[in-house]
>>> print(open('target-v8.cif').read())   # mmCIF, C-alpha atoms, pLDDT in the B column; chains and numbers go by the auth columns
data_protein
#
loop_
_atom_site.group_PDB
_atom_site.id
_atom_site.type_symbol
_atom_site.label_atom_id
_atom_site.label_comp_id
_atom_site.label_asym_id
_atom_site.label_seq_id
_atom_site.Cartn_x
_atom_site.Cartn_y
_atom_site.Cartn_z
_atom_site.B_iso_or_equiv
_atom_site.auth_seq_id
_atom_site.auth_asym_id
ATOM 1 C CA MET A 1 329.466 30.868 66.832 69.00 1 K
ATOM 2 C CA LYS A 2 327.804 32.418 63.810 85.00 2 K
ATOM 3 C CA ASN A 3 329.512 32.020 60.438 82.00 3 K
ATOM 4 C CA SER A 4 329.798 35.790 59.931 86.00 4 K
ATOM 5 C CA ILE A 5 331.639 36.201 63.235 88.00 5 K
ATOM 6 C CA LEU A 6 333.885 33.231 62.483 91.00 6 K
ATOM 7 C CA THR A 7 334.661 34.698 59.058 91.00 7 K
ATOM 8 C CA LYS A 8 335.559 38.084 60.589 92.00 8 K
ATOM 9 C CA LEU A 9 337.774 36.438 63.197 94.00 9 K
ATOM 10 C CA SER A 10 339.509 34.344 60.526 94.00 10 K
ATOM 11 C CA MET A 11 340.222 37.420 58.439 94.00 11 K
ATOM 12 C CA LEU A 12 341.487 39.326 61.467 95.00 12 K
ATOM 13 C CA LEU A 13 343.732 36.403 62.441 96.00 13 K
ATOM 14 C CA ALA A 14 345.137 36.259 58.908 95.00 14 K
ATOM 15 C CA LEU A 15 345.860 39.999 58.995 95.00 15 K
ATOM 16 C CA SER A 16 347.564 39.725 62.391 95.00 16 K
ATOM 17 C CA LEU A 17 349.725 36.832 61.129 94.00 17 K
ATOM 18 C CA ILE A 18 350.752 38.826 58.061 94.00 18 K
ATOM 19 C CA LEU A 19 351.694 41.825 60.197 94.00 19 K
ATOM 20 C CA ALA A 20 353.549 39.653 62.720 90.00 20 K
ATOM 21 C CA TYR A 21 355.509 37.967 59.944 90.00 21 K
ATOM 22 C CA LEU A 22 356.301 41.256 58.188 91.00 22 K
ATOM 23 C CA GLU A 23 357.652 42.572 61.456 86.00 23 K
ATOM 24 C CA THR A 24 360.128 39.673 61.650 83.00 24 K
ATOM 25 C CA LEU A 25 361.567 40.860 58.327 86.00 25 K
ATOM 26 C CA LEU A 26 362.423 44.308 59.674 82.00 26 K
ATOM 27 C CA PRO A 27 366.045 44.750 60.750 77.00 27 K
ATOM 28 C CA PRO A 28 366.646 45.370 64.457 70.00 28 K
ATOM 29 C CA PHE A 29 367.039 49.095 64.908 64.00 29 K
ATOM 30 C CA TRP A 30 365.937 49.668 68.482 65.00 30 K
ATOM 31 C CA PRO A 31 368.271 50.221 71.432 64.00 31 K
ATOM 32 C CA VAL A 32 366.639 47.399 73.414 63.00 32 K
ATOM 33 C CA PRO A 33 367.196 43.832 72.128 62.00 33 K
ATOM 34 C CA GLY A 34 364.033 42.290 70.707 63.00 34 K
ATOM 35 C CA MET A 35 362.045 45.536 70.756 70.00 35 K
ATOM 36 C CA LYS A 36 359.431 45.646 67.972 76.00 36 K
ATOM 37 C CA LEU A 37 356.779 47.999 66.684 80.00 37 K
ATOM 38 C CA GLY A 38 353.961 45.617 67.618 86.00 38 K
ATOM 39 C CA LEU A 39 352.165 45.782 64.281 90.00 39 K
ATOM 40 C CA ALA A 40 349.993 42.737 65.007 91.00 40 K
ATOM 41 C CA ASN A 41 348.633 44.553 68.053 93.00 41 K
ATOM 42 C CA ILE A 42 346.775 46.843 65.658 95.00 42 K
ATOM 43 C CA ILE A 43 344.525 43.890 64.884 96.00 43 K
ATOM 44 C CA VAL A 44 344.206 42.838 68.534 96.00 44 K
ATOM 45 C CA LEU A 45 343.160 46.348 69.572 96.00 45 K
ATOM 46 C CA TYR A 46 340.761 46.633 66.634 96.00 46 K
ATOM 47 C CA THR A 47 339.226 43.278 67.585 96.00 47 K
ATOM 48 C CA LEU A 48 338.938 44.323 71.232 96.00 48 K
ATOM 49 C CA VAL A 49 337.079 47.552 70.501 94.00 49 K
ATOM 50 C CA GLU A 50 334.938 46.215 67.647 92.00 50 K
ATOM 51 C CA MET A 51 334.123 42.690 68.798 93.00 51 K
ATOM 52 C CA GLY A 52 335.080 42.171 72.439 94.00 52 K
ATOM 53 C CA LYS A 53 337.579 40.824 74.939 96.00 53 K
ATOM 54 C CA LYS A 54 337.030 37.132 74.235 96.00 54 K
ATOM 55 C CA GLU A 55 337.549 37.600 70.508 96.00 55 K
ATOM 56 C CA ALA A 56 340.688 39.697 71.080 97.00 56 K
ATOM 57 C CA LEU A 57 342.106 36.971 73.324 97.00 57 K
ATOM 58 C CA MET A 58 341.392 34.353 70.647 96.00 58 K
ATOM 59 C CA ILE A 59 343.213 36.445 68.016 97.00 59 K
ATOM 60 C CA THR A 60 346.120 37.030 70.408 96.00 60 K
ATOM 61 C CA MET A 61 346.614 33.392 71.372 96.00 61 K
ATOM 62 C CA LEU A 62 346.009 31.928 67.915 96.00 62 K
ATOM 63 C CA ARG A 63 348.417 34.433 66.369 95.00 63 K
ATOM 64 C CA LEU A 64 351.073 33.686 68.960 94.00 64 K
ATOM 65 C CA LEU A 65 350.756 29.916 68.526 94.00 65 K
ATOM 66 C CA SER A 66 350.563 30.091 64.719 94.00 66 K
ATOM 67 C CA ILE A 67 353.505 32.420 64.209 91.00 67 K
ATOM 68 C CA SER A 68 355.565 30.373 66.689 91.00 68 K
ATOM 69 C CA LEU A 69 354.793 27.201 64.765 92.00 69 K
ATOM 70 C CA LEU A 70 355.599 28.888 61.450 89.00 70 K
ATOM 71 C CA LEU A 71 358.901 30.287 62.712 86.00 71 K
ATOM 72 C CA GLY A 72 359.859 27.223 64.743 88.00 72 K
ATOM 73 C CA THR A 73 359.981 29.074 68.061 87.00 73 K
ATOM 74 C CA LEU A 74 357.213 27.248 69.946 88.00 74 K
ATOM 75 C CA LEU A 75 359.471 25.493 72.458 88.00 75 K
ATOM 76 C CA THR A 76 361.919 28.347 72.939 91.00 76 K
ATOM 77 C CA PRO A 77 362.379 31.078 75.544 92.00 77 K
ATOM 78 C CA SER A 78 361.205 33.640 72.983 89.00 78 K
ATOM 79 C CA PHE A 79 357.788 31.936 72.942 92.00 79 K
ATOM 80 C CA MET A 80 357.482 32.265 76.723 94.00 80 K
ATOM 81 C CA ILE A 81 358.522 35.917 76.547 92.00 81 K
ATOM 82 C CA GLY A 82 356.031 36.576 73.743 91.00 82 K
ATOM 83 C CA PHE A 83 353.284 34.681 75.586 94.00 83 K
ATOM 84 C CA PHE A 84 353.744 36.692 78.787 96.00 84 K
ATOM 85 C CA GLY A 85 353.836 39.949 76.810 94.00 85 K
ATOM 86 C CA ALA A 86 350.719 39.106 74.823 95.00 86 K
ATOM 87 C CA LEU A 87 348.778 37.924 77.865 96.00 87 K
ATOM 88 C CA PHE A 88 349.730 40.939 79.991 97.00 88 K
ATOM 89 C CA SER A 89 348.842 43.243 77.106 96.00 89 K
ATOM 90 C CA TRP A 90 345.429 41.635 76.657 97.00 90 K
ATOM 91 C CA VAL A 91 344.728 41.879 80.405 97.00 91 K
ATOM 92 C CA GLY A 92 345.793 45.536 80.469 97.00 92 K
ATOM 93 C CA MET A 93 343.786 46.501 77.407 97.00 93 K
ATOM 94 C CA SER A 94 340.717 44.577 78.607 96.00 94 K
ATOM 95 C CA TRP A 95 340.915 46.324 81.973 96.00 95 K
ATOM 96 C CA ALA A 96 341.258 49.715 80.266 95.00 96 K
ATOM 97 C CA ARG A 97 338.347 48.948 77.918 93.00 97 K
ATOM 98 C CA ASN A 98 336.115 48.258 80.939 90.00 98 K
ATOM 99 C CA ARG A 99 337.006 51.701 82.277 93.00 99 K
ATOM 100 C CA SER A 100 336.035 53.477 79.061 85.00 100 K
ATOM 101 C CA LEU A 101 339.530 54.758 78.305 91.00 101 K
ATOM 102 C CA SER A 102 340.109 56.186 74.866 95.00 102 K
ATOM 103 C CA ILE A 103 341.522 53.936 72.172 96.00 103 K
ATOM 104 C CA LEU A 104 344.850 55.747 72.524 96.00 104 K
ATOM 105 C CA GLY A 105 344.850 55.163 76.281 96.00 105 K
ATOM 106 C CA ILE A 106 343.986 51.496 75.837 97.00 106 K
ATOM 107 C CA SER A 107 346.733 51.103 73.250 97.00 107 K
ATOM 108 C CA ILE A 108 349.416 52.836 75.331 97.00 108 K
ATOM 109 C CA LEU A 109 348.505 50.735 78.366 97.00 109 K
ATOM 110 C CA GLY A 110 348.591 47.632 76.162 97.00 110 K
ATOM 111 C CA ALA A 111 352.122 48.490 75.016 96.00 111 K
ATOM 112 C CA ALA A 112 353.296 49.165 78.583 96.00 112 K
ATOM 113 C CA THR A 113 351.790 45.964 79.983 97.00 113 K
ATOM 114 C CA HIS A 114 353.213 43.988 77.037 95.00 114 K
ATOM 115 C CA ASN A 115 356.698 45.235 77.899 93.00 115 K
ATOM 116 C CA THR A 116 356.141 44.488 81.580 96.00 116 K
ATOM 117 C CA GLY A 117 355.029 40.931 80.830 96.00 117 K
ATOM 118 C CA GLN A 118 358.018 40.321 78.581 93.00 118 K
ATOM 119 C CA LEU A 119 360.468 41.550 81.201 93.00 119 K
ATOM 120 C CA LEU A 120 358.808 39.413 83.851 96.00 120 K
ATOM 121 C CA ALA A 121 359.154 36.346 81.615 95.00 121 K
ATOM 122 C CA ALA A 122 362.802 37.177 80.898 94.00 122 K
ATOM 123 C CA TYR A 123 363.382 37.549 84.643 96.00 123 K
ATOM 124 C CA LEU A 124 361.817 34.139 85.272 95.00 124 K
ATOM 125 C CA LEU A 125 364.100 32.625 82.614 94.00 125 K
ATOM 126 C CA ILE A 126 367.322 34.411 83.550 94.00 126 K
ATOM 127 C CA GLY A 127 366.789 35.366 87.181 94.00 127 K
ATOM 128 C CA SER A 128 368.513 38.735 86.913 92.00 128 K
ATOM 129 C CA THR A 129 366.763 41.751 88.390 92.00 129 K
ATOM 130 C CA SER A 130 368.996 44.016 86.281 92.00 130 K
ATOM 131 C CA LEU A 131 366.538 43.368 83.421 89.00 131 K
ATOM 132 C CA PHE A 132 364.102 45.675 85.176 92.00 132 K
ATOM 133 C CA ASN A 133 366.485 48.577 84.502 92.00 133 K
ATOM 134 C CA PHE A 134 365.002 48.558 80.990 87.00 134 K
ATOM 135 C CA LEU A 135 361.464 49.037 82.297 91.00 135 K
ATOM 136 C CA PRO A 136 361.396 52.865 82.512 93.00 136 K
ATOM 137 C CA PHE A 137 362.744 53.137 78.955 90.00 137 K
ATOM 138 C CA LEU A 138 360.205 50.580 77.714 90.00 138 K
ATOM 139 C CA TRP A 139 357.324 52.312 79.480 93.00 139 K
ATOM 140 C CA LEU A 140 358.409 55.608 77.935 92.00 140 K
ATOM 141 C CA ALA A 141 358.636 53.959 74.498 90.00 141 K
ATOM 142 C CA SER A 142 355.095 52.641 75.031 93.00 142 K
ATOM 143 C CA ILE A 143 353.737 56.146 74.586 95.00 143 K
ATOM 144 C CA PRO A 144 354.735 56.710 70.939 93.00 144 K
ATOM 145 C CA PHE A 145 354.391 53.045 69.906 92.00 145 K
ATOM 146 C CA GLY A 146 351.017 52.665 71.605 95.00 146 K
ATOM 147 C CA SER A 147 349.886 55.997 70.167 96.00 147 K
ATOM 148 C CA VAL A 148 350.716 54.921 66.616 94.00 148 K
ATOM 149 C CA THR A 149 348.828 51.644 67.075 95.00 149 K
ATOM 150 C CA GLY A 150 345.844 53.491 68.557 96.00 150 K
ATOM 151 C CA LEU A 151 345.814 56.082 65.776 96.00 151 K
ATOM 152 C CA ILE A 152 345.849 53.370 63.117 95.00 152 K
ATOM 153 C CA VAL A 153 342.879 51.679 64.788 95.00 153 K
ATOM 154 C CA LEU A 154 341.030 55.005 64.881 94.00 154 K
ATOM 155 C CA LEU A 155 341.693 55.415 61.143 93.00 155 K
ATOM 156 C CA LEU A 156 340.477 51.868 60.469 91.00 156 K
ATOM 157 C CA GLN A 157 337.276 52.618 62.347 88.00 157 K
ATOM 158 C CA LYS A 158 336.690 55.793 60.327 87.00 158 K
ATOM 159 C CA ARG A 159 337.115 53.852 57.085 83.00 159 K
ATOM 160 C CA LYS A 160 334.250 51.524 58.039 70.00 160 K
ATOM 161 C CA LEU A 161 336.041 48.394 56.893 64.00 161 K
ATOM 162 C CA PRO A 162 333.971 45.393 55.828 61.00 162 K
ATOM 163 C CA LEU A 163 335.162 43.837 59.088 59.00 163 K
ATOM 164 C CA HIS A 164 333.511 46.600 61.052 51.00 164 K
ATOM 165 C CA SER A 165 330.699 45.245 63.217 49.00 165 K
#
>>> encode(input="target-v8.cif", output="structure tokens")
Amino acid sequence: MKNSILTKLSMLLALSLILAYLETLLPPFWPVPGMKLGLANIIVLYTLVEMGKKEALMITMLRLLSISLLLGTLLTPSFMIGFFGALFSWVGMSWARNRSLSILGISILGAATHNTGQLLAAYLLIGSTSLFNFLPFLWLASIPFGSVTGLIVLLLQKRKLPLHS
């Protein structure tokens, strides 16, 4: 891997870790337990559209492992839930990217698949199908949250950041 690409990926990983950590400092104010804005997904989506699927997966997995190590949650159920959410989101966004969806469409699908993956992981841990009652609300919430993430990425692209390929 070229040094310039490695440098970009390192900077993007650092940004995603900062955003993920800042999000842990926000008080819970959502009606669904554990629901977050998904600020670090701004960096994942940016990486996906500017660099590619492989690079976005690297950012996703390294961020998840790093923040879990930093917060001491690596061997907890929350890690499994986060892992499933992140992986489902990456798969959904990668699929959407291959179909030439808009950045907003990719982002909204990423939010919806993230929520789906998290609920599936929670189901595997708890075994209660009643968890899936949250799914319609979470899919609906994916529209504004995914839209905000997508709009931020569009703004970042317009600014022609030094990270821009």
>>> closest_residue(input="target-v8.cif", among="K:Gln118, K:Met35, K:Lys2, K:Ile67", to="Ala14 of chain K", atoms="only C-alpha atoms")
K:Ile67
>>> atom_distance(input="target-v8.cif", atom1="atom CA of Ile143 of chain K", atom2="atom CA of Leu71 of chain K")
28.9 Å
>>> atom_distance(input="target-v8.cif", atom1="atom CA of Leu135 of chain K", atom2="atom CA of Val153 of chain K")
25.7 Å
>>> resolve_selection(input="target-v8.cif", expression="the PyMOL selection byres ((chain K and resi 102) around 12)", output="MDAnalysis selection string")
chainID K and resid 45 49 93 96:101 103:109 146:147 150:151 153:154
>>> resolve_selection(input="target-v8.cif", expression="the PyMOL selection byres ((chain K and resi 58-64) around 9)", output="PyMOL selection string")
chain K and resi 9-10+12-14+16-17+20+40-41+43-44+47+53-57+65-69+74+79+82-83+86-87+90
